[in-house]
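What follows is a single structure, written as structure tokens, with notes after it.
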Amino acid sequence: GGQSLAGPPRGWRKHLRHRPMGERGVGFDRNQEATCFVGDLDSQVDESLLWELCVQCGPVVDVHIPKDKLTQQHMGFGFVEFKGQADAEYAIKVLNMIKLFGKPIRLNPASKDTAETADVGANIFVGNLDAEVDEKLLYDTFSAFGLIVTTPKIMRDPETGNSRGFGFVSFDSFEASDAAIEAMNGQFLCNRPISCTYAIKKDSKGERHGSAAERLLAANNPNRRSVSARPNQFFAAGDASLPGLGAGLPPPPPPPGMPPPP
């Protein structure tokens, strides 16, 4: 009968303790295609409740809600790994914006199929991060510039889980990554000025993303989404708190029904 709705199997917490994200390394050993990022969680939501909610959409392999080492409070987001990608996609359709303790939760794929989003190489390195900066804060800060294709990655000490002070954000276009670097390099995040540059390519001798060749490939990519389909990328142009943000960017379109500016 309703076995799949009965909640976590016996001993699942022990299973989680054996496989915390910090020990297996971010993104390792986890089936990224079958994993959802769950954000905007109320402080009362725990792994057990998230398991019980998600298992109604399909078999759940793992639930992980990172916690602050000192306070043991979680930081408002977590990851749920399903048995298969179809289960994860179904969960995103069904559970996105469902309210838990009065707060709508947000579900995204932890990683979209690279063939579909076409990782164009618009990958940026973010350095000098305060220890308080977590993946959600990076996501919330940088998603203003365009579509982020994978959950931002903060490099952490495998023993303690503490941030090593730098991370990576990948966008679906160079327009978005250029805007993010221009606007955010030198900006303060949690009272520290962060550095933003193009990330060094894996398995290369120090070559960075963002080269002319890579941009040409991205421009000719058949999977490329049109610029007009993109979400609103920018904070209000000319926001006084972010000097230089409006520089070099086209003015935003007038709201519907308004005459265009002269």
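So you can find residues: chains in the structure tokens are A, B, ... in the order shown, residues in each start at 1, and ligands are numbered from 1 in order.
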Discussion item. Excluding Thr151 (chain A) and its own-chain neighbours fewer than 5 positions away, which residues fall within 10 Å of it when counting only C-alpha atoms? Please give them as an MDAnalysis selection string.
Written reply: chainID A and resid 27 36:37 108:112 135:136 138:139 168:170
Only N, CA and C atoms, please: the residues just picked out, written as a PDB file, in the first residue's frame.
ATOM      1  N   GLY A  27      29.425  17.867  -4.364  1.00  0.00           N
ATOM      2  CA  GLY A  27      29.193  17.381  -5.716  1.00  0.00           C
ATOM      3  C   GLY A  27      29.753  16.002  -5.996  1.00  0.00           C
ATOM      4  N   CYS A  36      17.960  17.941  -5.931  1.00  0.00           N
ATOM      5  CA  CYS A  36      17.306  19.261  -5.898  1.00  0.00           C
ATOM      6  C   CYS A  36      17.975  20.132  -4.843  1.00  0.00           C
ATOM      7  N   PHE A  37      18.130  21.393  -5.175  1.00  0.00           N
ATOM      8  CA  PHE A  37      18.493  22.413  -4.186  1.00  0.00           C
ATOM      9  C   PHE A  37      17.175  22.944  -3.618  1.00  0.00           C
ATOM     10  N   ASN A 108      15.085  24.012  -6.996  1.00  0.00           N
ATOM     11  CA  ASN A 108      15.746  24.114  -8.300  1.00  0.00           C
ATOM     12  C   ASN A 108      16.523  22.824  -8.524  1.00  0.00           C
ATOM     13  N   PRO A 109      16.809  22.505  -9.783  1.00  0.00           N
ATOM     14  CA  PRO A 109      17.751  21.406 -10.009  1.00  0.00           C
ATOM     15  C   PRO A 109      19.110  21.818  -9.447  1.00  0.00           C
ATOM     16  N   ALA A 110      19.779  20.914  -8.716  1.00  0.00           N
ATOM     17  CA  ALA A 110      21.123  21.243  -8.210  1.00  0.00           C
ATOM     18  C   ALA A 110      22.076  21.355  -9.383  1.00  0.00           C
ATOM     19  N   SER A 111      21.786  20.627 -10.460  1.00  0.00           N
ATOM     20  CA  SER A 111      22.618  20.752 -11.653  1.00  0.00           C
ATOM     21  C   SER A 111      21.733  20.457 -12.834  1.00  0.00           C
ATOM     22  N   LYS A 112      21.746  21.325 -13.817  1.00  0.00           N
ATOM     23  CA  LYS A 112      20.956  21.020 -15.005  1.00  0.00           C
ATOM     24  C   LYS A 112      21.842  20.249 -15.963  1.00  0.00           C
ATOM     25  N   GLU A 135      26.373  29.306   0.386  1.00  0.00           N
ATOM     26  CA  GLU A 135      25.955  29.100  -0.992  1.00  0.00           C
ATOM     27  C   GLU A 135      24.686  29.886  -1.315  1.00  0.00           C
ATOM     28  N   LYS A 136      23.774  29.967  -0.358  1.00  0.00           N
ATOM     29  CA  LYS A 136      22.510  30.682  -0.617  1.00  0.00           C
ATOM     30  C   LYS A 136      22.767  32.172  -0.828  1.00  0.00           C
ATOM     31  N   LEU A 138      25.492  33.559  -1.928  1.00  0.00           N
ATOM     32  CA  LEU A 138      26.096  33.711  -3.264  1.00  0.00           C
ATOM     33  C   LEU A 138      25.013  33.626  -4.337  1.00  0.00           C
ATOM     34  N   TYR A 139      24.126  32.635  -4.192  1.00  0.00           N
ATOM     35  CA  TYR A 139      23.051  32.464  -5.185  1.00  0.00           C
ATOM     36  C   TYR A 139      22.174  33.713  -5.231  1.00  0.00           C
ATOM     37  N   PHE A 168      32.791  29.531  -6.490  1.00  0.00           N
ATOM     38  CA  PHE A 168      32.598  29.641  -7.935  1.00  0.00           C
ATOM     39  C   PHE A 168      31.117  29.783  -8.256  1.00  0.00           C
ATOM     40  N   VAL A 169      30.826  30.609  -9.276  1.00  0.00           N
ATOM     41  CA  VAL A 169      29.456  30.788  -9.755  1.00  0.00           C
ATOM     42  C   VAL A 169      29.484  30.624 -11.272  1.00  0.00           C
ATOM     43  N   SER A 170      28.570  29.804 -11.814  1.00  0.00           N
ATOM     44  CA  SER A 170      28.516  29.574 -13.264  1.00  0.00           C
ATOM     45  C   SER A 170      27.208  30.110 -13.833  1.00  0.00           C
TER      46      SER A 170
END
Worksheet entry | Non-local contacts of region 216-222 of chain A (9 Å; only C-alpha atoms; under 4 positions in same chain excluded) as a list of chain:residue names |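 In the requested form, the answer reads A:Ala118, A:Asp119, A:Val120, A:Gly121, A:Ser173, A:Phe174, A:Ser211, A:Ala212.
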Using only N, CA, C and O atoms, please write the residues we just selected to a file, as a PDB file, in the first residue's frame.
ATOM      1  N   ALA A 118      24.056  23.890 -21.674  1.00  0.00           N
ATOM      2  CA  ALA A 118      25.292  24.160 -22.388  1.00  0.00           C
ATOM      3  C   ALA A 118      26.194  25.030 -21.537  1.00  0.00           C
ATOM      4  O   ALA A 118      26.120  26.238 -21.575  1.00  0.00           O
ATOM      5  N   ASP A 119      27.041  24.397 -20.753  1.00  0.00           N
ATOM      6  CA  ASP A 119      28.001  25.126 -19.932  1.00  0.00           C
ATOM      7  C   ASP A 119      28.944  25.862 -20.873  1.00  0.00           C
ATOM      8  O   ASP A 119      29.838  25.268 -21.460  1.00  0.00           O
ATOM      9  N   VAL A 120      28.700  27.152 -21.048  1.00  0.00           N
ATOM     10  CA  VAL A 120      29.445  27.904 -22.061  1.00  0.00           C
ATOM     11  C   VAL A 120      30.812  28.351 -21.555  1.00  0.00           C
ATOM     12  O   VAL A 120      31.641  28.818 -22.325  1.00  0.00           O
ATOM     13  N   GLY A 121      31.040  28.220 -20.249  1.00  0.00           N
ATOM     14  CA  GLY A 121      32.318  28.658 -19.688  1.00  0.00           C
ATOM     15  C   GLY A 121      32.231  29.996 -18.987  1.00  0.00           C
ATOM     16  O   GLY A 121      33.252  30.593 -18.644  1.00  0.00           O
ATOM     17  N   SER A 173      25.482  32.606 -19.607  1.00  0.00           N
ATOM     18  CA  SER A 173      25.914  33.493 -20.695  1.00  0.00           C
ATOM     19  C   SER A 173      27.041  34.406 -20.212  1.00  0.00           C
ATOM     20  O   SER A 173      27.156  34.702 -19.020  1.00  0.00           O
ATOM     21  N   PHE A 174      27.858  34.848 -21.163  1.00  0.00           N
ATOM     22  CA  PHE A 174      28.937  35.787 -20.827  1.00  0.00           C
ATOM     23  C   PHE A 174      28.394  37.188 -20.538  1.00  0.00           C
ATOM     24  O   PHE A 174      29.027  37.942 -19.803  1.00  0.00           O
ATOM     25  N   SER A 211      37.702  33.665 -22.677  1.00  0.00           N
ATOM     26  CA  SER A 211      38.540  34.011 -23.829  1.00  0.00           C
ATOM     27  C   SER A 211      37.664  34.324 -25.046  1.00  0.00           C
ATOM     28  O   SER A 211      36.489  33.948 -25.105  1.00  0.00           O
ATOM     29  N   ALA A 212      38.271  34.986 -26.037  1.00  0.00           N
ATOM     30  CA  ALA A 212      37.534  35.327 -27.256  1.00  0.00           C
ATOM     31  C   ALA A 212      37.016  34.064 -27.942  1.00  0.00           C
ATOM     32  O   ALA A 212      35.880  34.032 -28.441  1.00  0.00           O
TER      33      ALA A 212
END
Practice prompt. Measuring atom to atom with only C-alpha atoms, identify which of A:Phe77, A:Phe171, A:Phe125, A:Trp51 is nearest to Ile200 (chain A).
Written response: A:Phe125
Fill in: Given only C-alpha atoms as the counted atoms, nearest of A:Asp42, A:Asp130, A:Glu52, A:Glu47 to Ile65 (chain A)
A:Glu47
Fill in: Non-local contacts of Asp140 (chain A) (12 Å; only C-alpha atoms; under 2 positions in same chain excluded) as a ChimeraX atom specification
/A:39-40,77,133-138,142-148,151-152,169,189,233
Give me a file of those residues, with all heavy atoms, as a compact mmCIF listing (two decimals), in the first residue's frame.
# COMPACT_ATOMS: atom_id res chain seq x y z
N GLY A 39 15.59 25.79 -1.15
CA GLY A 39 15.94 27.03 -0.47
C GLY A 39 14.77 27.65 0.26
O GLY A 39 13.63 27.19 0.17
N ASP A 40 15.07 28.73 1.00
CA ASP A 40 14.06 29.49 1.76
C ASP A 40 13.36 28.64 2.82
O ASP A 40 12.16 28.77 3.05
CB ASP A 40 13.01 30.11 0.82
CG ASP A 40 13.64 31.07 -0.19
OD1 ASP A 40 14.73 31.58 0.10
OD2 ASP A 40 13.05 31.29 -1.26
N PHE A 77 18.73 26.37 3.66
CA PHE A 77 18.70 25.63 2.40
C PHE A 77 19.24 24.23 2.60
O PHE A 77 19.86 23.93 3.63
CB PHE A 77 19.52 26.35 1.31
CG PHE A 77 21.00 26.34 1.57
CD1 PHE A 77 21.81 25.34 1.05
CD2 PHE A 77 21.60 27.32 2.35
CE1 PHE A 77 23.17 25.32 1.29
CE2 PHE A 77 22.96 27.31 2.60
CZ PHE A 77 23.75 26.31 2.07
N VAL A 133 29.56 33.92 4.56
CA VAL A 133 28.96 33.82 3.23
C VAL A 133 28.74 32.35 2.89
O VAL A 133 29.68 31.57 2.89
CB VAL A 133 29.84 34.49 2.16
CG1 VAL A 133 29.24 34.29 0.77
CG2 VAL A 133 30.01 35.97 2.46
N ASP A 134 27.48 31.98 2.63
CA ASP A 134 27.18 30.59 2.27
C ASP A 134 26.68 30.52 0.83
O ASP A 134 26.59 31.53 0.13
CB ASP A 134 26.16 29.98 3.25
CG ASP A 134 24.83 30.73 3.24
OD1 ASP A 134 24.54 31.45 2.27
OD2 ASP A 134 24.06 30.58 4.22
N GLU A 135 26.37 29.31 0.39
CA GLU A 135 25.95 29.10 -0.99
C GLU A 135 24.69 29.89 -1.32
O GLU A 135 24.55 30.43 -2.42
CB GLU A 135 25.73 27.60 -1.24
CG GLU A 135 27.00 26.76 -1.27
CD GLU A 135 27.52 26.32 0.09
OE1 GLU A 135 26.99 26.77 1.14
OE2 GLU A 135 28.48 25.53 0.13
N LYS A 136 23.77 29.97 -0.36
CA LYS A 136 22.51 30.68 -0.62
C LYS A 136 22.77 32.17 -0.83
O LYS A 136 22.17 32.79 -1.72
CB LYS A 136 21.53 30.48 0.54
CG LYS A 136 20.19 31.18 0.29
CD LYS A 136 19.22 31.00 1.44
CE LYS A 136 17.83 31.51 1.11
NZ LYS A 136 17.80 32.92 0.68
N LEU A 137 23.65 32.74 -0.01
CA LEU A 137 23.93 34.17 -0.15
C LEU A 137 24.59 34.44 -1.51
O LEU A 137 24.26 35.42 -2.18
CB LEU A 137 24.82 34.67 0.99
CG LEU A 137 25.11 36.18 0.99
CD1 LEU A 137 23.82 36.99 0.99
CD2 LEU A 137 25.97 36.56 2.18
N LEU A 138 25.49 33.56 -1.93
CA LEU A 138 26.10 33.71 -3.26
C LEU A 138 25.01 33.63 -4.34
O LEU A 138 24.99 34.42 -5.27
CB LEU A 138 27.14 32.62 -3.52
CG LEU A 138 28.58 32.85 -3.07
CD1 LEU A 138 29.49 31.79 -3.68
CD2 LEU A 138 29.08 34.24 -3.42
N PHE A 142 24.21 36.77 -6.76
CA PHE A 142 24.64 36.74 -8.16
C PHE A 142 23.50 36.41 -9.13
O PHE A 142 23.63 36.67 -10.32
CB PHE A 142 25.82 35.78 -8.33
CG PHE A 142 27.12 36.37 -7.86
CD1 PHE A 142 27.53 36.22 -6.54
CD2 PHE A 142 27.90 37.13 -8.71
CE1 PHE A 142 28.71 36.79 -6.09
CE2 PHE A 142 29.09 37.71 -8.28
CZ PHE A 142 29.49 37.54 -6.96
N SER A 143 22.39 35.86 -8.63
CA SER A 143 21.29 35.54 -9.56
C SER A 143 20.65 36.81 -10.10
O SER A 143 19.88 36.76 -11.06
CB SER A 143 20.24 34.65 -8.88
OG SER A 143 19.69 35.30 -7.76
N ALA A 144 20.96 37.96 -9.52
CA ALA A 144 20.45 39.23 -10.05
C ALA A 144 21.00 39.52 -11.45
O ALA A 144 20.43 40.31 -12.19
CB ALA A 144 20.83 40.38 -9.11
N PHE A 145 22.12 38.88 -11.81
CA PHE A 145 22.78 39.22 -13.08
C PHE A 145 22.41 38.29 -14.22
O PHE A 145 22.74 38.55 -15.37
CB PHE A 145 24.30 39.22 -12.89
CG PHE A 145 24.72 40.23 -11.85
CD1 PHE A 145 25.01 39.82 -10.55
CD2 PHE A 145 24.77 41.57 -12.15
CE1 PHE A 145 25.36 40.74 -9.58
CE2 PHE A 145 25.11 42.50 -11.19
CZ PHE A 145 25.40 42.09 -9.90
N GLY A 146 21.73 37.19 -13.93
CA GLY A 146 21.37 36.26 -14.99
C GLY A 146 21.13 34.87 -14.43
O GLY A 146 21.13 34.67 -13.21
N LEU A 147 20.94 33.92 -15.33
CA LEU A 147 20.61 32.56 -14.91
C LEU A 147 21.86 31.83 -14.43
O LEU A 147 22.83 31.69 -15.17
CB LEU A 147 19.97 31.81 -16.08
CG LEU A 147 19.42 30.43 -15.73
CD1 LEU A 147 18.18 30.55 -14.85
CD2 LEU A 147 19.10 29.66 -17.00
N ILE A 148 21.83 31.36 -13.17
CA ILE A 148 22.91 30.55 -12.61
C ILE A 148 22.59 29.10 -12.93
O ILE A 148 21.51 28.61 -12.61
CB ILE A 148 23.05 30.79 -11.10
CG1 ILE A 148 23.52 32.23 -10.86
CG2 ILE A 148 24.01 29.79 -10.47
CD1 ILE A 148 23.58 32.61 -9.40
N THR A 151 24.23 25.09 -8.65
CA THR A 151 24.29 25.70 -7.32
C THR A 151 25.70 26.26 -7.11
O THR A 151 26.68 25.54 -7.33
CB THR A 151 23.99 24.65 -6.24
OG1 THR A 151 22.72 24.08 -6.51
CG2 THR A 151 23.98 25.28 -4.85
N PRO A 152 25.83 27.54 -6.69
CA PRO A 152 27.16 28.08 -6.43
C PRO A 152 27.94 27.18 -5.47
O PRO A 152 27.36 26.59 -4.57
CB PRO A 152 26.88 29.45 -5.81
CG PRO A 152 25.54 29.83 -6.35
CD PRO A 152 24.78 28.54 -6.47
N VAL A 169 30.83 30.61 -9.28
CA VAL A 169 29.46 30.79 -9.75
C VAL A 169 29.48 30.62 -11.27
O VAL A 169 30.33 31.22 -11.94
CB VAL A 169 28.91 32.19 -9.40
CG1 VAL A 169 27.48 32.36 -9.91
CG2 VAL A 169 28.96 32.43 -7.89
N LEU A 189 30.61 42.23 0.84
CA LEU A 189 29.64 41.18 1.16
C LEU A 189 29.99 40.73 2.56
O LEU A 189 31.12 40.27 2.80
CB LEU A 189 29.78 40.03 0.15
CG LEU A 189 28.57 39.13 -0.09
CD1 LEU A 189 27.35 39.93 -0.52
CD2 LEU A 189 28.89 38.08 -1.15
N GLN A 233 17.97 40.87 -15.12
CA GLN A 233 19.29 40.51 -14.60
C GLN A 233 19.85 41.52 -13.62
O GLN A 233 20.74 41.19 -12.87
CB GLN A 233 20.29 40.43 -15.75
CG GLN A 233 19.96 39.36 -16.76
CD GLN A 233 20.99 39.34 -17.85
OE1 GLN A 233 21.98 40.03 -17.77
NE2 GLN A 233 20.79 38.54 -18.86
With a distance cut-off of 12 Å and only C-alpha atoms, select the neighbouring residues of Cys196 (chain A), excluding the residue or stretch itself and same-chain residues fewer than 6 positions from it, and output the selection as a PDB file with C-alpha atoms, in the first residue's frame.
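New file result-v9.pdb:
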ATOM      1  CA  ASN A 123      32.309  30.636 -14.768  1.00  0.00           C
ATOM      2  CA  ILE A 124      33.571  33.157 -12.234  1.00  0.00           C
ATOM      3  CA  PHE A 125      35.840  32.878  -9.219  1.00  0.00           C
ATOM      4  CA  VAL A 126      34.710  34.789  -6.107  1.00  0.00           C
ATOM      5  CA  GLY A 127      37.424  35.356  -3.510  1.00  0.00           C
ATOM      6  CA  ASN A 128      38.032  36.953  -0.095  1.00  0.00           C
ATOM      7  CA  LEU A 129      34.695  35.641   1.184  1.00  0.00           C
ATOM      8  CA  LEU A 138      26.096  33.711  -3.264  1.00  0.00           C
ATOM      9  CA  PHE A 142      24.635  36.743  -8.157  1.00  0.00           C
ATOM     10  CA  PHE A 166      36.454  31.387  -2.034  1.00  0.00           C
ATOM     11  CA  GLY A 167      33.924  29.876  -4.390  1.00  0.00           C
ATOM     12  CA  PHE A 168      32.598  29.641  -7.935  1.00  0.00           C
ATOM     13  CA  VAL A 169      29.456  30.788  -9.755  1.00  0.00           C
ATOM     14  CA  SER A 177      29.126  36.881 -16.021  1.00  0.00           C
ATOM     15  CA  ASP A 178      30.590  40.124 -17.445  1.00  0.00           C
ATOM     16  CA  ALA A 179      27.894  42.145 -15.656  1.00  0.00           C
ATOM     17  CA  ALA A 180      28.476  40.254 -12.385  1.00  0.00           C
ATOM     18  CA  ILE A 181      32.243  40.803 -12.470  1.00  0.00           C
ATOM     19  CA  GLU A 182      31.889  44.482 -13.384  1.00  0.00           C
ATOM     20  CA  ALA A 183      29.332  45.143 -10.664  1.00  0.00           C
ATOM     21  CA  MET A 184      30.592  42.951  -7.827  1.00  0.00           C
ATOM     22  CA  ASN A 185      34.400  43.031  -7.978  1.00  0.00           C
ATOM     23  CA  GLY A 186      35.449  45.033  -4.895  1.00  0.00           C
ATOM     24  CA  GLN A 187      31.914  45.179  -3.472  1.00  0.00           C
ATOM     25  CA  PHE A 188      31.379  44.422   0.205  1.00  0.00           C
ATOM     26  CA  LEU A 189      29.643  41.184   1.157  1.00  0.00           C
TER      27      LEU A 189
END
Practice prompt. Could you jot down the CA of Val94 (chain A) to CA of Val38 (chain A) separation for me, Å, one decimal place?
Written response: 12.8 Å
Item to complete: Would you work out the distance separating CA of Leu41 (chain A) from CA of Val149 (chain A), expressed in Å to one decimal?
Response: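 Interatomic distance here is 20.9 Å.
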Item to complete: Could you find all residues in region 30-242 of chain A that DSSP calls strand (DSSP E) from the backbone, and write them as an MDAnalysis selection string?
Response: chainID A and resid 35:39 60:64 77:82 99:100 103:104 106:109 123:127 153:156 163:170 188:189 192:193 195:198
Item to complete: From a DSSP calculation on the backbone, collect every residue of region 41-85 of chain A in alpha helix (DSSP H) and output the set as a PyMOL selection string.
Response: chain A and resi 47-54+85
Written selection (C-alpha atoms) as an mmCIF file, in the first residue's frame:
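Saved the output as result-v7.cif:
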data_model
loop_
_atom_site.group_PDB
_atom_site.id
_atom_site.type_symbol
_atom_site.label_atom_id
_atom_site.label_comp_id
_atom_site.auth_asym_id
_atom_site.auth_seq_id
_atom_site.Cartn_x
_atom_site.Cartn_y
_atom_site.Cartn_z
ATOM 1 C CA GLU A 47 15.985 16.758 7.535
ATOM 2 C CA SER A 48 13.277 14.399 8.781
ATOM 3 C CA LEU A 49 10.467 16.744 7.701
ATOM 4 C CA LEU A 50 12.108 17.434 4.339
ATOM 5 C CA TRP A 51 12.466 13.686 3.788
ATOM 6 C CA GLU A 52 8.784 13.089 4.593
ATOM 7 C CA LEU A 53 7.729 15.852 2.199
ATOM 8 C CA CYS A 54 9.962 14.773 -0.703
ATOM 9 C CA GLN A 85 16.302 12.400 -12.394
#
Worksheet item: Between CA of Arg208 (chain A) and CA of Arg30 (chain A), what is the spacing in Å?
Response: 27.2 Å
Worksheet entry | Residue nearest Glu175 (chain A) among A:Ala122, A:Ala213, A:Asn162, A:Ser204 (counting only C-alpha atoms) |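 Going through A:Ala122, A:Ala213, A:Asn162, A:Ser204 one by one, the smallest distance to Glu175 (chain A) is for A:Ala122.
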